[in-house]
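Participant: Attaching a single structure in structure tokens format; questions to follow.
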Amino acid sequence: MHLHDFWFILIAVLWIGYFFLEGFDFGVGILTRLLARNTAERRVLINTIGPVWDGNEVWLLTAGGATFAAFPDWYATLFSGFFVPLLIILVCLIVRGVSFEYRHQRDGERWQRNWELAIFWTSLLPAFLWGVAFGNIVRGVAIDQDKNYVGTFWDLLNPYALLGGLTTLALFTFHGAVFTALKTTGDIRHRARVQATVLGLVTAALAAGFLIWTQVHTGNGWSLAALIVAVLALLAALGANQAGREGWAFGFSGVTVAAAVGMLFLSLFPDVMPSTLNDAWSLTVSNSSSSPYTLKVMTIVAVVFTPLVLLYQGWTYWVFRRRIGVQHIPAAAHH
């Protein structure tokens, strides 16, 4: 295996980790308007992800940094061609982080309501736009012989990519509902399980269309295997949720996210950004990678530090593993 192949796999793993983790906290942010009935319940939902949301975003920074260092041409074409949607995602992530920190700084109802609305919208938009972005990466975009994107913003809003956006939006919200059921107690826990069933059925319909379309368009044997795993895991998550086995349901919903994202990368390889103008102009793992020496140094650093990061983040989740409910919220917030 060449080092550029290894780094393609590692970047795929980083994106899978990001969507697995950030996916459920995007979902929880969306559920602050769909599931929570009052300020106390919204605070419960926010508190379930309060200790971990910022750590989850480290996976995005690492994936972006790894892409920049290992595949500079891919990074340059991606971030210049997808400038508008990626800028929207970046602004949302900034506002979202501010919202978590500022919401509790004042007791005024209007102040808290506005920040809660910000959390909802800055969770919903990235959950949708990430699907649009990756849909376009897999489908291919207008790249010329100089590796430049020559399309427009509106070219990115094609039916396949929009379906991808709806799929990630539904999948992340379902993932968040399962996580909420796992992390809460009382009535909100039971309503989260009911919500997860509905969201799971919506996700199944959208994901079936998007993933089958992907398989027909660019799929191979490996991507078909990932598609089958995603379907079986989603069905298992729905079954475990119905049985009240929230830990299993969350595990299977996570496998669904991992398999679905993995399928996109498997169907993409060896390209990293196909060109719709000319197959010879597509960016591949070989023509867009850094020098072998750079990849070798990066590999040594990754082997040393990646296990440390995983251990630290795993410890964080273990420390904050307990369930919470409205009984843990001060009485003043119950309105």
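Chain labels A, B, ... are given in the sequence in which chains occur in the structure tokens; within each chain residues are numbered consecutively from 1, and ligands are likewise numbered from 1 in the order shown.
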Tell me which protein, DNA and RNA residues are within 9 Å of Leu163 (chain A), counting only C-alpha atoms, leaving out same-chain ones fewer than 2 positions away, and put them as a list of chain:residue names.
Facilitator: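 Result of the neighbour search: A:Gly131, A:Val132, A:Gly135, A:Asn158, A:Pro159, A:Tyr160, A:Ala161, A:Gly165, A:Leu166, A:Thr167, A:Thr168, A:Leu206, A:Ala207, A:Gly209, A:Phe210.
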Participant: Restrict the selected residues to N, CA and C atoms and save them as an mmCIF file, in the first residue's frame.
Facilitator:
data_model
loop_
_atom_site.group_PDB
_atom_site.id
_atom_site.type_symbol
_atom_site.label_atom_id
_atom_site.label_comp_id
_atom_site.auth_asym_id
_atom_site.auth_seq_id
_atom_site.Cartn_x
_atom_site.Cartn_y
_atom_site.Cartn_z
ATOM 1 N N GLY A 131 -23.899 17.080 4.021
ATOM 2 C CA GLY A 131 -24.393 16.096 3.066
ATOM 3 C C GLY A 131 -24.342 16.619 1.643
ATOM 4 N N VAL A 132 -24.677 17.898 1.462
ATOM 5 C CA VAL A 132 -24.598 18.517 0.133
ATOM 6 C C VAL A 132 -23.148 18.514 -0.351
ATOM 7 N N GLY A 135 -22.006 14.949 -1.130
ATOM 8 C CA GLY A 135 -22.708 14.490 -2.317
ATOM 9 C C GLY A 135 -22.033 14.995 -3.581
ATOM 10 N N ASN A 158 -27.574 20.455 -6.864
ATOM 11 C CA ASN A 158 -28.195 19.504 -7.780
ATOM 12 C C ASN A 158 -29.018 18.482 -6.994
ATOM 13 N N PRO A 159 -29.923 17.760 -7.634
ATOM 14 C CA PRO A 159 -30.815 16.830 -6.911
ATOM 15 C C PRO A 159 -30.080 15.792 -6.070
ATOM 16 N N TYR A 160 -29.007 15.219 -6.604
ATOM 17 C CA TYR A 160 -28.281 14.188 -5.852
ATOM 18 C C TYR A 160 -27.685 14.769 -4.567
ATOM 19 N N ALA A 161 -27.037 15.927 -4.666
ATOM 20 C CA ALA A 161 -26.419 16.534 -3.486
ATOM 21 C C ALA A 161 -27.468 16.984 -2.473
ATOM 22 N N GLY A 165 -27.921 15.962 1.403
ATOM 23 C CA GLY A 165 -28.107 16.862 2.535
ATOM 24 C C GLY A 165 -29.279 16.467 3.409
ATOM 25 N N LEU A 166 -30.396 16.109 2.782
ATOM 26 C CA LEU A 166 -31.568 15.667 3.547
ATOM 27 C C LEU A 166 -31.275 14.370 4.298
ATOM 28 N N THR A 167 -30.465 13.500 3.668
ATOM 29 C CA THR A 167 -30.123 12.230 4.311
ATOM 30 C C THR A 167 -29.281 12.450 5.559
ATOM 31 N N THR A 168 -28.239 13.270 5.459
ATOM 32 C CA THR A 168 -27.408 13.526 6.638
ATOM 33 C C THR A 168 -28.194 14.266 7.717
ATOM 34 N N LEU A 206 -34.926 8.138 3.114
ATOM 35 C CA LEU A 206 -33.987 9.039 2.435
ATOM 36 C C LEU A 206 -32.654 8.349 2.149
ATOM 37 N N ALA A 207 -32.137 7.619 3.133
ATOM 38 C CA ALA A 207 -30.840 6.970 2.961
ATOM 39 C C ALA A 207 -30.896 5.901 1.881
ATOM 40 N N GLY A 209 -32.696 5.890 -0.824
ATOM 41 C CA GLY A 209 -32.617 6.561 -2.116
ATOM 42 C C GLY A 209 -31.225 7.087 -2.416
ATOM 43 N N PHE A 210 -30.610 7.737 -1.434
ATOM 44 C CA PHE A 210 -29.296 8.351 -1.657
ATOM 45 C C PHE A 210 -28.199 7.306 -1.843
#
Participant: Residues within 10 Å of Val255 (chain A), please, as a short mmCIF file (atom, residue, chain, number, x, y, z; two decimals) with N, CA and C atoms, in the first residue's frame. Count only C-alpha atoms; anything in the same chain fewer than 2 positions from it doesn't count.
Facilitator:
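Written output follows (result.cif):
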data_model
loop_
_atom_site.label_atom_id
_atom_site.label_comp_id
_atom_site.auth_asym_id
_atom_site.auth_seq_id
_atom_site.Cartn_x
_atom_site.Cartn_y
_atom_site.Cartn_z
N ILE A 16 -15.29 9.90 9.31
CA ILE A 16 -16.25 9.00 9.95
C ILE A 16 -16.36 9.31 11.44
N PHE A 20 -19.69 10.66 13.25
CA PHE A 20 -20.22 9.83 14.33
C PHE A 20 -20.46 10.68 15.58
N VAL A 229 -24.21 -3.03 5.23
CA VAL A 229 -23.96 -2.85 6.67
C VAL A 229 -24.77 -1.67 7.20
N ALA A 230 -24.82 -0.57 6.45
CA ALA A 230 -25.58 0.61 6.88
C ALA A 230 -27.06 0.28 7.04
N VAL A 231 -27.61 -0.44 6.08
CA VAL A 231 -29.03 -0.80 6.13
C VAL A 231 -29.32 -1.70 7.33
N LEU A 232 -28.50 -2.74 7.51
CA LEU A 232 -28.72 -3.67 8.62
C LEU A 232 -28.54 -2.97 9.97
N ALA A 233 -27.55 -2.08 10.07
CA ALA A 233 -27.32 -1.37 11.32
C ALA A 233 -28.48 -0.44 11.65
N LEU A 234 -29.04 0.22 10.64
CA LEU A 234 -30.18 1.11 10.88
C LEU A 234 -31.39 0.32 11.36
N ALA A 236 -31.26 -2.55 12.91
CA ALA A 236 -30.94 -2.99 14.27
C ALA A 236 -31.11 -1.87 15.28
N ALA A 237 -30.74 -0.64 14.90
CA ALA A 237 -30.90 0.52 15.79
C ALA A 237 -32.38 0.76 16.08
N ALA A 249 -28.95 0.67 20.76
CA ALA A 249 -29.51 1.52 19.69
C ALA A 249 -28.50 2.58 19.27
N PHE A 250 -27.84 3.20 20.25
CA PHE A 250 -26.85 4.22 19.92
C PHE A 250 -25.66 3.61 19.20
N GLY A 251 -25.22 2.45 19.64
CA GLY A 251 -24.11 1.79 18.97
C GLY A 251 -24.44 1.47 17.52
N PHE A 252 -25.64 0.96 17.27
CA PHE A 252 -26.03 0.62 15.90
C PHE A 252 -26.26 1.87 15.05
N SER A 253 -26.79 2.94 15.66
CA SER A 253 -26.95 4.18 14.88
C SER A 253 -25.59 4.75 14.51
N VAL A 257 -24.02 5.51 10.71
CA VAL A 257 -23.29 6.70 10.27
C VAL A 257 -21.95 6.31 9.67
N ALA A 258 -21.21 5.46 10.37
CA ALA A 258 -19.88 5.07 9.92
C ALA A 258 -19.94 4.34 8.58
N ALA A 259 -20.88 3.43 8.43
CA ALA A 259 -20.98 2.66 7.19
C ALA A 259 -21.41 3.54 6.02
N ALA A 260 -22.35 4.47 6.28
CA ALA A 260 -22.82 5.35 5.21
C ALA A 260 -21.71 6.27 4.73
N VAL A 261 -20.98 6.87 5.66
CA VAL A 261 -19.87 7.75 5.27
C VAL A 261 -18.75 6.93 4.64
#
Participant: Which neighbours of Ser289 (chain A) fall inside 8 Å, counting only C-alpha atoms, when residues of the same chain fewer than 4 positions from it are skipped, and could you give them as an MDAnalysis selection string?
Facilitator: chainID A and resid 4 70:74 285
Participant: Emit the selected residues as a PDB file, in the first residue's frame, including C-alpha atoms.
Facilitator:
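Output file result.pdb follows:
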ATOM      1  CA  HIS A   4      -1.083   8.283  -0.246  1.00  0.00           C
ATOM      2  CA  ALA A  70      -1.463  15.035   2.698  1.00  0.00           C
ATOM      3  CA  PHE A  71      -3.459  16.190  -0.348  1.00  0.00           C
ATOM      4  CA  PRO A  72      -2.833  19.930  -0.879  1.00  0.00           C
ATOM      5  CA  ASP A  73      -4.406  20.002  -4.363  1.00  0.00           C
ATOM      6  CA  TRP A  74      -7.554  18.326  -3.055  1.00  0.00           C
ATOM      7  CA  VAL A 285      -4.910  10.044  -4.468  1.00  0.00           C
TER       8      VAL A 285
END
Participant: Considering only strand (DSSP E or B) as DSSP defines it on the backbone, what residues of region 252-319 of chain A qualify? List them as number ranges by chain.
Facilitator: A: 271-273, 275, 283-284
Participant: Trp318 (chain A): which residues within 12 Å, counting only C-alpha atoms, same-chain residues fewer than 5 positions away excluded, as a list in words?
Facilitator: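 The residues satisfying every condition are Pro51, Val52, Leu311, Tyr312, Gln313 and Arg323 of chain A.
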Participant: Quick one: residues within 7 Å of region 96-100 of chain A, only C-alpha atoms counted, chain neighbours fewer than 2 positions away excluded, as an MDAnalysis selection string?
Facilitator: chainID A and resid 92:94 102:103 115 118:119 122
Participant: Output N, CA and C atoms for every residue in the selection just made, as an mmCIF file, in the first residue's frame.
Facilitator:
data_model
loop_
_atom_site.group_PDB
_atom_site.id
_atom_site.type_symbol
_atom_site.label_atom_id
_atom_site.label_comp_id
_atom_site.auth_asym_id
_atom_site.auth_seq_id
_atom_site.Cartn_x
_atom_site.Cartn_y
_atom_site.Cartn_z
ATOM 1 N N CYS A 92 -21.553 28.927 11.173
ATOM 2 C CA CYS A 92 -22.482 28.222 12.058
ATOM 3 C C CYS A 92 -21.754 27.602 13.248
ATOM 4 N N LEU A 93 -20.611 26.991 13.003
ATOM 5 C CA LEU A 93 -19.874 26.362 14.094
ATOM 6 C C LEU A 93 -19.371 27.393 15.095
ATOM 7 N N ILE A 94 -18.979 28.567 14.593
ATOM 8 C CA ILE A 94 -18.539 29.636 15.495
ATOM 9 C C ILE A 94 -19.709 30.137 16.343
ATOM 10 N N TYR A 102 -22.778 31.479 25.869
ATOM 11 C CA TYR A 102 -23.454 32.721 26.239
ATOM 12 C C TYR A 102 -24.872 32.509 26.753
ATOM 13 N N ARG A 103 -25.486 31.371 26.401
ATOM 14 C CA ARG A 103 -26.883 31.159 26.748
ATOM 15 C C ARG A 103 -27.142 31.319 28.245
ATOM 16 N N TRP A 115 -30.559 32.570 21.999
ATOM 17 C CA TRP A 115 -29.394 31.696 21.895
ATOM 18 C C TRP A 115 -29.805 30.253 21.629
ATOM 19 N N ALA A 118 -30.457 30.012 18.070
ATOM 20 C CA ALA A 118 -29.175 29.975 17.359
ATOM 21 C C ALA A 118 -28.592 28.568 17.385
ATOM 22 N N ILE A 119 -28.698 27.891 18.520
ATOM 23 C CA ILE A 119 -28.204 26.511 18.617
ATOM 24 C C ILE A 119 -28.953 25.619 17.629
ATOM 25 N N THR A 122 -27.899 26.622 13.906
ATOM 26 C CA THR A 122 -26.487 26.343 13.619
ATOM 27 C C THR A 122 -26.156 24.866 13.787
#
Participant: Give me the residues near region 304-309 of chain A as a ChimeraX atom specification, where near means some atom within 12 Å (using only C-alpha atoms) and where sequence neighbours in that chain fewer than 4 positions away do not count.
Facilitator: /A:10,13-14,55-56,58-59,62,297-300,313-316
Participant: With all heavy atoms kept, could you save the residues just selected as a compact mmCIF listing (two decimals), in the first residue's frame?
Facilitator:
# COMPACT_ATOMS: atom_id res chain seq x y z
N LEU A 10 -6.95 7.09 6.21
CA LEU A 10 -6.94 7.77 7.50
C LEU A 10 -7.87 8.99 7.49
O LEU A 10 -8.60 9.24 8.46
CB LEU A 10 -5.51 8.20 7.86
CG LEU A 10 -5.34 8.87 9.23
CD1 LEU A 10 -5.86 7.98 10.35
CD2 LEU A 10 -3.87 9.21 9.48
N VAL A 13 -11.31 7.81 7.86
CA VAL A 13 -11.58 7.45 9.26
C VAL A 13 -11.84 8.71 10.10
O VAL A 13 -12.73 8.73 10.96
CB VAL A 13 -10.40 6.64 9.84
CG1 VAL A 13 -10.55 6.47 11.36
CG2 VAL A 13 -10.32 5.28 9.17
N LEU A 14 -11.08 9.76 9.85
CA LEU A 14 -11.27 11.01 10.59
C LEU A 14 -12.65 11.60 10.31
O LEU A 14 -13.33 12.08 11.23
CB LEU A 14 -10.19 12.01 10.22
CG LEU A 14 -8.77 11.69 10.72
CD1 LEU A 14 -7.75 12.64 10.11
CD2 LEU A 14 -8.70 11.75 12.25
N GLY A 55 -14.92 18.92 21.99
CA GLY A 55 -13.98 17.85 21.68
C GLY A 55 -14.33 17.14 20.38
O GLY A 55 -13.46 16.72 19.62
N ASN A 56 -15.64 17.04 20.10
CA ASN A 56 -16.07 16.41 18.85
C ASN A 56 -15.58 17.19 17.63
O ASN A 56 -15.26 16.61 16.58
CB ASN A 56 -17.60 16.30 18.80
CG ASN A 56 -18.15 15.36 19.86
OD1 ASN A 56 -17.42 14.55 20.43
ND2 ASN A 56 -19.44 15.47 20.13
N VAL A 58 -12.84 18.67 17.28
CA VAL A 58 -11.41 18.44 17.03
C VAL A 58 -11.23 17.50 15.83
O VAL A 58 -10.27 17.63 15.06
CB VAL A 58 -10.74 17.86 18.28
CG1 VAL A 58 -9.32 17.38 17.97
CG2 VAL A 58 -10.72 18.91 19.40
N TRP A 59 -12.16 16.57 15.66
CA TRP A 59 -12.07 15.64 14.54
C TRP A 59 -12.17 16.37 13.20
O TRP A 59 -11.51 16.00 12.23
CB TRP A 59 -13.17 14.58 14.64
CG TRP A 59 -12.92 13.59 15.73
CD1 TRP A 59 -13.08 13.79 17.08
CD2 TRP A 59 -12.42 12.26 15.59
NE1 TRP A 59 -12.73 12.68 17.77
CE2 TRP A 59 -12.33 11.71 16.89
CE3 TRP A 59 -12.07 11.48 14.50
CZ2 TRP A 59 -11.89 10.41 17.11
CZ3 TRP A 59 -11.63 10.18 14.72
CH2 TRP A 59 -11.54 9.66 16.01
N THR A 62 -8.82 18.11 12.65
CA THR A 62 -7.80 17.13 12.28
C THR A 62 -7.99 16.65 10.85
O THR A 62 -7.02 16.50 10.09
CB THR A 62 -7.84 15.94 13.25
OG1 THR A 62 -7.76 16.42 14.59
CG2 THR A 62 -6.68 14.99 12.99
N VAL A 297 6.72 11.56 7.25
CA VAL A 297 6.80 12.29 8.53
C VAL A 297 5.42 12.38 9.18
O VAL A 297 5.27 12.18 10.40
CB VAL A 297 7.38 13.70 8.29
CG1 VAL A 297 7.30 14.54 9.57
CG2 VAL A 297 8.82 13.62 7.81
N MET A 298 4.40 12.67 8.38
CA MET A 298 3.04 12.74 8.91
C MET A 298 2.60 11.41 9.51
O MET A 298 1.91 11.38 10.54
CB MET A 298 2.07 13.15 7.80
CG MET A 298 2.21 14.59 7.33
SD MET A 298 1.13 14.92 5.92
CE MET A 298 -0.48 14.55 6.63
N THR A 299 2.98 10.32 8.88
CA THR A 299 2.61 9.00 9.37
C THR A 299 3.21 8.73 10.74
O THR A 299 2.53 8.22 11.63
CB THR A 299 3.06 7.91 8.37
OG1 THR A 299 2.48 8.16 7.09
CG2 THR A 299 2.65 6.54 8.86
N ILE A 300 4.46 9.10 10.92
CA ILE A 300 5.12 8.91 12.22
C ILE A 300 4.40 9.71 13.31
O ILE A 300 4.12 9.20 14.40
CB ILE A 300 6.60 9.32 12.14
CG1 ILE A 300 7.35 8.39 11.18
CG2 ILE A 300 7.25 9.31 13.53
CD1 ILE A 300 8.77 8.84 10.86
N GLN A 313 -10.15 11.43 24.73
CA GLN A 313 -11.55 11.66 24.44
C GLN A 313 -12.42 10.55 25.03
O GLN A 313 -13.53 10.80 25.52
CB GLN A 313 -11.79 11.78 22.94
CG GLN A 313 -13.18 12.30 22.60
CD GLN A 313 -13.27 12.88 21.21
OE1 GLN A 313 -12.52 12.50 20.32
NE2 GLN A 313 -14.19 13.82 21.02
N GLY A 314 -11.94 9.31 24.98
CA GLY A 314 -12.67 8.22 25.60
C GLY A 314 -12.84 8.43 27.09
O GLY A 314 -13.92 8.16 27.65
N TRP A 315 -11.81 8.93 27.74
CA TRP A 315 -11.89 9.21 29.18
C TRP A 315 -12.92 10.29 29.46
O TRP A 315 -13.67 10.21 30.45
CB TRP A 315 -10.50 9.65 29.67
CG TRP A 315 -10.47 10.05 31.12
CD1 TRP A 315 -10.46 9.24 32.21
CD2 TRP A 315 -10.47 11.40 31.62
NE1 TRP A 315 -10.44 9.98 33.36
CE2 TRP A 315 -10.45 11.31 33.04
CE3 TRP A 315 -10.47 12.65 31.02
CZ2 TRP A 315 -10.43 12.43 33.85
CZ3 TRP A 315 -10.46 13.77 31.84
CH2 TRP A 315 -10.44 13.66 33.23
N THR A 316 -13.00 11.31 28.60
CA THR A 316 -13.99 12.38 28.77
C THR A 316 -15.41 11.83 28.74
O THR A 316 -16.25 12.17 29.59
CB THR A 316 -13.83 13.44 27.66
OG1 THR A 316 -12.51 13.95 27.71
CG2 THR A 316 -14.83 14.57 27.85
Participant: May I have all residues of region 207-304 of chain A that DSSP, computed from the backbone, assigns to helix (DSSP H, G or I), given as a VMD selection string?
Facilitator: chain A and resid 207 to 218 221 to 242 246 to 268 279 to 281 292 to 304
Participant: So which residues touch Arg322 (chain A) within 12 Å, counting only C-alpha atoms, skipping near sequence neighbours fewer than 6 positions away, as a ChimeraX atom specification?
Facilitator: /A:47-49,51,180,182-185,316,328
Participant: Name the closest residue to Leu264 (chain A) among the candidates A:Arg43, A:Arg193, A:His217, A:Arg110; distances are taken between atoms, counting only C-alpha atoms.
Facilitator: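 Closest candidate: A:His217.
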Participant: To one decimal place in Å, what is the distance between CA of Phe24 (chain A) and CA of Thr67 (chain A)?
Facilitator: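 If I compute the distance from CA of Phe24 (chain A) to CA of Thr67 (chain A), I get 23.6 Å.
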Participant: What are the closest atom pairs, with distances in Å to one decimal, for all residues of region 192-284 of chain A lying within 8 Å of region 146-149 of chain A? Consider only C-alpha atoms, order rows by chain and residue number, and present the result as a tab-separated table.
Facilitator:
residue	atom	partner	partner_atom	distance
A:Trp281	CA	A:Lys147	CA	6.9
A:Ser282	CA	A:Lys147	CA	7.7
A:Leu283	CA	A:Lys147	CA	7.2
Participant: For each of A:Val28, A:Phe153, A:His2, A:Ala205, take the minimum atom-to-atom distance to Pro292 (chain A), counting only C-alpha atoms, then give the residue where this is smallest.
Facilitator: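 Nearest candidate to Pro292 (chain A) out of A:Val28, A:Phe153, A:His2, A:Ala205: A:His2.
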Participant: Enumerate, in order of chain and increasing residue number, the residues of region 66-175 of chain A with an atom no farther than 10 Å from region 29-38 of chain A, each with its shortest atom pair and distance in Å to one decimal, counting only C-alpha atoms, as a tab-separated table.
Facilitator:
residue	atom	partner	partner_atom	distance
A:Arg96	CA	A:Gly29	CA	9.3
A:Glu116	CA	A:Thr32	CA	7.6
A:Leu117	CA	A:Arg33	CA	7.9
A:Ala118	CA	A:Gly29	CA	9.3
A:Ile119	CA	A:Gly29	CA	5.8
A:Phe120	CA	A:Ile30	CA	4.8
A:Trp121	CA	A:Ile30	CA	7.4
A:Thr122	CA	A:Gly29	CA	8.1
A:Ser123	CA	A:Gly29	CA	5.5
A:Leu124	CA	A:Ile30	CA	5.9
A:Leu125	CA	A:Ile30	CA	9.6
A:Ala127	CA	A:Ile30	CA	9.3
A:Leu169	CA	A:Ile30	CA	9.4
A:Phe172	CA	A:Ile30	CA	9.2
A:Thr173	CA	A:Ile30	CA	6.7
A:Phe174	CA	A:Leu31	CA	9.5
Participant: Would you save the residues from that selection as a compact mmCIF listing (two decimals), in the first residue's frame, using N, CA and C atoms?
Facilitator:
# COMPACT_ATOMS: atom_id res chain seq x y z
N ARG A 96 -22.47 28.65 16.95
CA ARG A 96 -22.94 27.56 17.81
C ARG A 96 -22.13 27.48 19.09
N GLU A 116 -30.94 29.84 22.18
CA GLU A 116 -31.44 28.49 21.90
C GLU A 116 -31.84 28.35 20.44
N LEU A 117 -32.44 29.39 19.88
CA LEU A 117 -32.76 29.37 18.45
C LEU A 117 -31.48 29.30 17.61
N ALA A 118 -30.46 30.01 18.07
CA ALA A 118 -29.18 29.98 17.36
C ALA A 118 -28.59 28.57 17.39
N ILE A 119 -28.70 27.89 18.52
CA ILE A 119 -28.20 26.51 18.62
C ILE A 119 -28.95 25.62 17.63
N PHE A 120 -30.26 25.79 17.52
CA PHE A 120 -31.07 24.98 16.60
C PHE A 120 -30.62 25.18 15.16
N TRP A 121 -30.57 26.43 14.71
CA TRP A 121 -30.26 26.71 13.31
C TRP A 121 -28.81 26.39 12.97
N THR A 122 -27.90 26.62 13.91
CA THR A 122 -26.49 26.34 13.62
C THR A 122 -26.16 24.87 13.79
N SER A 123 -27.11 24.07 14.23
CA SER A 123 -26.98 22.62 14.20
C SER A 123 -27.61 22.07 12.92
N LEU A 124 -28.76 22.63 12.55
CA LEU A 124 -29.48 22.14 11.37
C LEU A 124 -28.74 22.43 10.07
N LEU A 125 -28.26 23.65 9.90
CA LEU A 125 -27.61 24.01 8.63
C LEU A 125 -26.36 23.18 8.34
N ALA A 127 -25.63 20.21 9.47
CA ALA A 127 -26.05 18.82 9.26
C ALA A 127 -26.54 18.62 7.83
N LEU A 169 -29.07 15.17 7.31
CA LEU A 169 -29.89 15.89 8.28
C LEU A 169 -30.76 14.92 9.07
N PHE A 172 -28.45 12.39 11.23
CA PHE A 172 -27.87 12.99 12.42
C PHE A 172 -28.93 13.28 13.48
N THR A 173 -30.12 13.69 13.04
CA THR A 173 -31.19 13.95 14.00
C THR A 173 -31.64 12.66 14.68
N PHE A 174 -31.74 11.59 13.89
CA PHE A 174 -32.04 10.27 14.46
C PHE A 174 -30.96 9.84 15.45
